[in-house]
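What's in my_file21.txt: compact mmCIF, C-alpha atoms
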# COMPACT_ATOMS: atom_id res chain seq x y z
CA MET A 30 -15.11 16.39 14.44
CA ASP A 31 -12.62 15.85 17.22
CA ASN A 32 -9.03 15.00 16.39
CA LYS A 33 -9.17 11.36 17.51
CA LYS A 34 -12.21 10.60 15.33
CA LYS A 35 -10.58 12.42 12.42
CA GLN A 36 -7.43 10.32 12.75
CA ILE A 37 -9.44 7.09 12.94
CA LEU A 38 -11.37 8.12 9.83
CA GLN A 39 -8.07 8.83 8.04
CA VAL A 40 -6.76 5.37 8.92
CA VAL A 41 -10.00 3.78 7.70
CA LYS A 42 -9.94 5.72 4.41
CA PHE A 43 -6.24 5.03 3.88
CA THR A 44 -6.88 1.34 4.56
CA LEU A 45 -9.77 1.13 2.10
CA PHE A 46 -7.89 2.97 -0.63
CA SER A 47 -4.82 0.83 0.05
CA ILE A 48 -6.95 -2.28 -0.30
CA SER A 49 -8.16 -1.05 -3.69
CA ALA A 50 -4.57 -0.26 -4.68
CA GLY A 51 -3.58 -3.69 -3.40
CA LEU A 52 -6.18 -5.33 -5.60
CA ILE A 53 -4.78 -3.43 -8.57
CA GLN A 54 -1.28 -4.51 -7.60
CA ILE A 55 -2.21 -8.16 -7.08
CA GLY A 56 -4.29 -8.32 -10.26
CA SER A 57 -1.66 -6.73 -12.46
CA PHE A 58 1.08 -8.80 -10.77
CA ALA A 59 -0.86 -12.02 -11.42
CA LEU A 60 -1.52 -11.08 -15.03
CA LEU A 61 2.10 -10.14 -15.69
CA GLU A 62 3.36 -13.29 -13.93
CA LEU A 63 1.57 -15.35 -16.57
CA PHE A 64 3.92 -13.97 -19.19
CA ILE A 65 7.02 -12.78 -17.31
CA LYS A 66 8.64 -15.26 -14.94
CA THR A 67 11.25 -12.94 -13.40
CA TYR A 68 9.83 -11.62 -10.09
CA TRP A 69 11.04 -8.04 -10.26
CA ILE A 70 9.43 -7.01 -13.57
CA PRO A 71 5.82 -7.84 -12.61
CA TYR A 72 6.48 -6.52 -9.10
CA LEU A 73 7.78 -3.12 -10.21
CA THR A 74 5.08 -2.65 -12.83
CA SER A 75 2.26 -3.55 -10.48
CA LEU A 76 3.78 -1.42 -7.71
CA LEU A 77 3.87 1.66 -9.96
CA LEU A 78 0.23 1.20 -10.94
CA SER A 79 -0.82 0.95 -7.30
CA ILE A 80 1.28 3.98 -6.27
CA VAL A 81 -0.41 6.30 -8.76
CA TRP A 82 -3.87 5.04 -7.78
CA ASN A 83 -3.23 5.27 -4.03
CA PHE A 84 -1.57 8.70 -4.20
CA THR A 85 -4.43 10.20 -6.18
CA LEU A 86 -7.19 8.93 -3.91
CA ASN A 87 -5.43 9.58 -0.61
CA ARG A 88 -4.40 13.13 -1.49
CA LYS A 89 -7.96 14.09 -2.34
CA PHE A 90 -10.08 12.05 0.07
CA THR A 91 -7.96 10.88 3.03
CA PHE A 92 -5.75 13.88 3.69
CA GLN A 93 -7.87 16.38 1.70
CA SER A 94 -4.74 18.25 0.81
CA ALA A 95 -4.26 21.08 -1.63
CA ALA A 96 -0.52 20.57 -1.34
CA ASN A 97 1.40 21.20 -4.52
CA VAL A 98 0.83 17.94 -6.41
CA PRO A 99 4.27 17.75 -8.07
CA ILE A 100 5.99 18.38 -4.72
CA ALA A 101 3.78 15.90 -2.88
CA MET A 102 4.35 13.30 -5.60
CA ALA A 103 8.10 13.96 -5.49
CA LYS A 104 8.05 13.23 -1.76
CA VAL A 105 6.13 10.00 -2.35
CA LEU A 106 8.57 9.06 -5.11
CA GLY A 107 11.38 9.76 -2.63
CA PHE A 108 9.81 7.23 -0.27
CA TYR A 109 9.63 4.72 -3.09
CA ALA A 110 13.19 5.51 -4.18
CA VAL A 111 14.20 3.84 -0.91
CA PHE A 112 11.38 1.32 -0.46
CA THR A 113 11.33 -0.09 -4.00
CA PRO A 114 14.98 -1.11 -4.42
CA LEU A 115 15.05 -2.51 -0.91
CA SER A 116 11.81 -4.48 -1.29
CA THR A 117 12.77 -5.65 -4.79
CA TYR A 118 16.16 -6.87 -3.57
CA LEU A 119 14.74 -8.58 -0.49
CA GLY A 120 11.92 -10.08 -2.58
CA SER A 121 14.41 -11.49 -5.06
CA LEU A 122 16.45 -12.95 -2.19
CA ALA A 123 13.35 -14.54 -0.73
CA GLU A 124 12.36 -15.94 -4.13
CA SER A 125 15.85 -17.38 -4.56
CA ALA A 126 15.52 -19.01 -1.14
CA GLY A 127 12.33 -20.71 -2.28
CA ALA A 128 9.62 -18.44 -0.85
CA HIS A 129 6.39 -18.30 -2.84
CA ASP A 130 6.01 -15.14 -4.94
CA PHE A 131 2.59 -14.27 -3.53
CA LEU A 132 3.80 -14.69 0.07
CA ILE A 133 6.65 -12.29 -0.70
CA LEU A 134 4.20 -9.89 -2.30
CA ALA A 135 1.81 -10.04 0.69
CA ILE A 136 4.55 -9.31 3.24
CA THR A 137 5.93 -6.51 1.08
CA MET A 138 2.48 -4.97 0.63
CA LEU A 139 1.83 -5.02 4.39
CA ALA A 140 5.13 -3.27 5.10
CA ASN A 141 4.38 -0.77 2.32
CA PHE A 142 0.92 -0.03 3.77
CA VAL A 143 2.19 0.83 7.25
CA LEU A 144 5.28 2.74 6.16
CA GLU A 145 3.51 4.72 3.44
CA PHE A 146 0.72 5.85 5.78
CA LEU A 147 3.25 7.12 8.31
CA PHE A 148 5.29 8.82 5.60
CA CYS A 149 2.25 10.53 4.05
CA LYS A 150 0.86 11.61 7.41
CA PHE A 151 4.09 12.98 8.88
CA VAL A 152 6.10 14.02 5.83
CA VAL A 153 4.10 14.48 2.62
CA TYR A 154 1.00 16.19 4.03
CA ARG A 155 2.35 17.48 7.35
CA GLY A 156 0.71 20.83 8.03
CA GLN A 157 -1.24 20.63 4.77
CA GLU A 158 -4.16 18.38 5.69
CA ASP A 159 -7.72 19.61 5.18
CA THR A 160 -6.63 22.40 2.83
CA LEU A 161 -8.53 21.15 -0.20
CA LYS A 162 -11.55 23.30 -0.98
CA LYS A 163 -14.83 21.44 -0.96
CA GLU A 164 -16.58 21.49 -4.32

Mind turning this structure into structure tokens?
Amino acid sequence: MDNKKKQILQVVKFTLFSISAGLIQIGSFALLELFIKTYWIPYLTSLLLSIVWNFTLNRKFTFQSAANVPIAMAKVLGFYAVFTPLSTYLGSLAESAGAHDFLILAITMLANFVLEFLFCKFVVYRGQEDTLKKE
């Protein structure tokens, strides 16, 4: 497969897995919002659930990487060490300004999608794509 088709396929796979992670995030966020009215608690919990799901699927199927899992996960957690406090803070500011929680969540998830793909592609799995042995 030529490089351009491979990259398009990666974007498609990443998008589909991100959609599934997004559904997990939205569903768990909605469920938690029924019981916890402070934005950041449902947001952080649902974000963590989606991160684990997305990381697992994308490592194996999108980037097909045999990269050291703890190191790859540490890099992803490094991304989220910056993204999460920033998005939580900005989300709380937006909520305080009267923005709807699900609008905040949608904008945050879109930013997360784009930034995480770029980070995984060029940092986490750089030089380690297609190293996973086919079973």

Distance of CA of Cys149 (chain A) from CA of Asn97 (chain A), expressed in Å to one decimal place: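 Pair CA of Asn97 (chain A) / CA of Cys149 (chain A) returns 13.7 Å.
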
Best match for closeness to Trp69 (chain A) among A:Gln157, A:Lys162, A:Leu122, A:Asn141, counting all atoms listed in the file: A:Leu122

Near-region 98-113 of chain A list (10 Å; only C-alpha atoms; drop same-chain fewer than 6 positions) as a PyMOL selection string: chain A and resi 72-73+76-77+80-81+84-85+88+119+137+140-141+144-145+148-149+152-154

Atom-to-atom span, CA of Ile48 (chain A) and CA of Leu147 (chain A), Å: 16.3 Å

Non-local contacts of Ala59 (chain A) (12 Å; all atoms listed in the file; under 4 positions in same chain excluded) as a PyMOL selection string: chain A and resi 51-55+63-66+68+70-72+74-75+130-131+134

Separation of CA of Ala50 (chain A) from CA of Lys33 (chain A), in Å and rounded to one decimal: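 These atoms are spaced 25.5 Å apart.
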
A:Leu38, A:Ala95, A:Leu45, A:Leu86 ranked by distance to Glu158 (chain A), top pick (using all atoms listed in the file):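 Among the listed residues, the smallest separation from Glu158 (chain A) belongs to A:Ala95.
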
Asn87 (chain A) surroundings by only C-alpha atoms, 10 Å radius, close-in-sequence under 4 positions cut, as a ChimeraX atom specification: /A:39,42-47,82-83,91-94,146,149

Nearest candidate to Ser79 (chain A) (options A:Leu61, A:Met30, A:Ala96, A:Gly56; using all atoms listed in the file):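 Once distances to Ser79 (chain A) are computed over all atoms listed in the file, the minimum belongs to A:Gly56.
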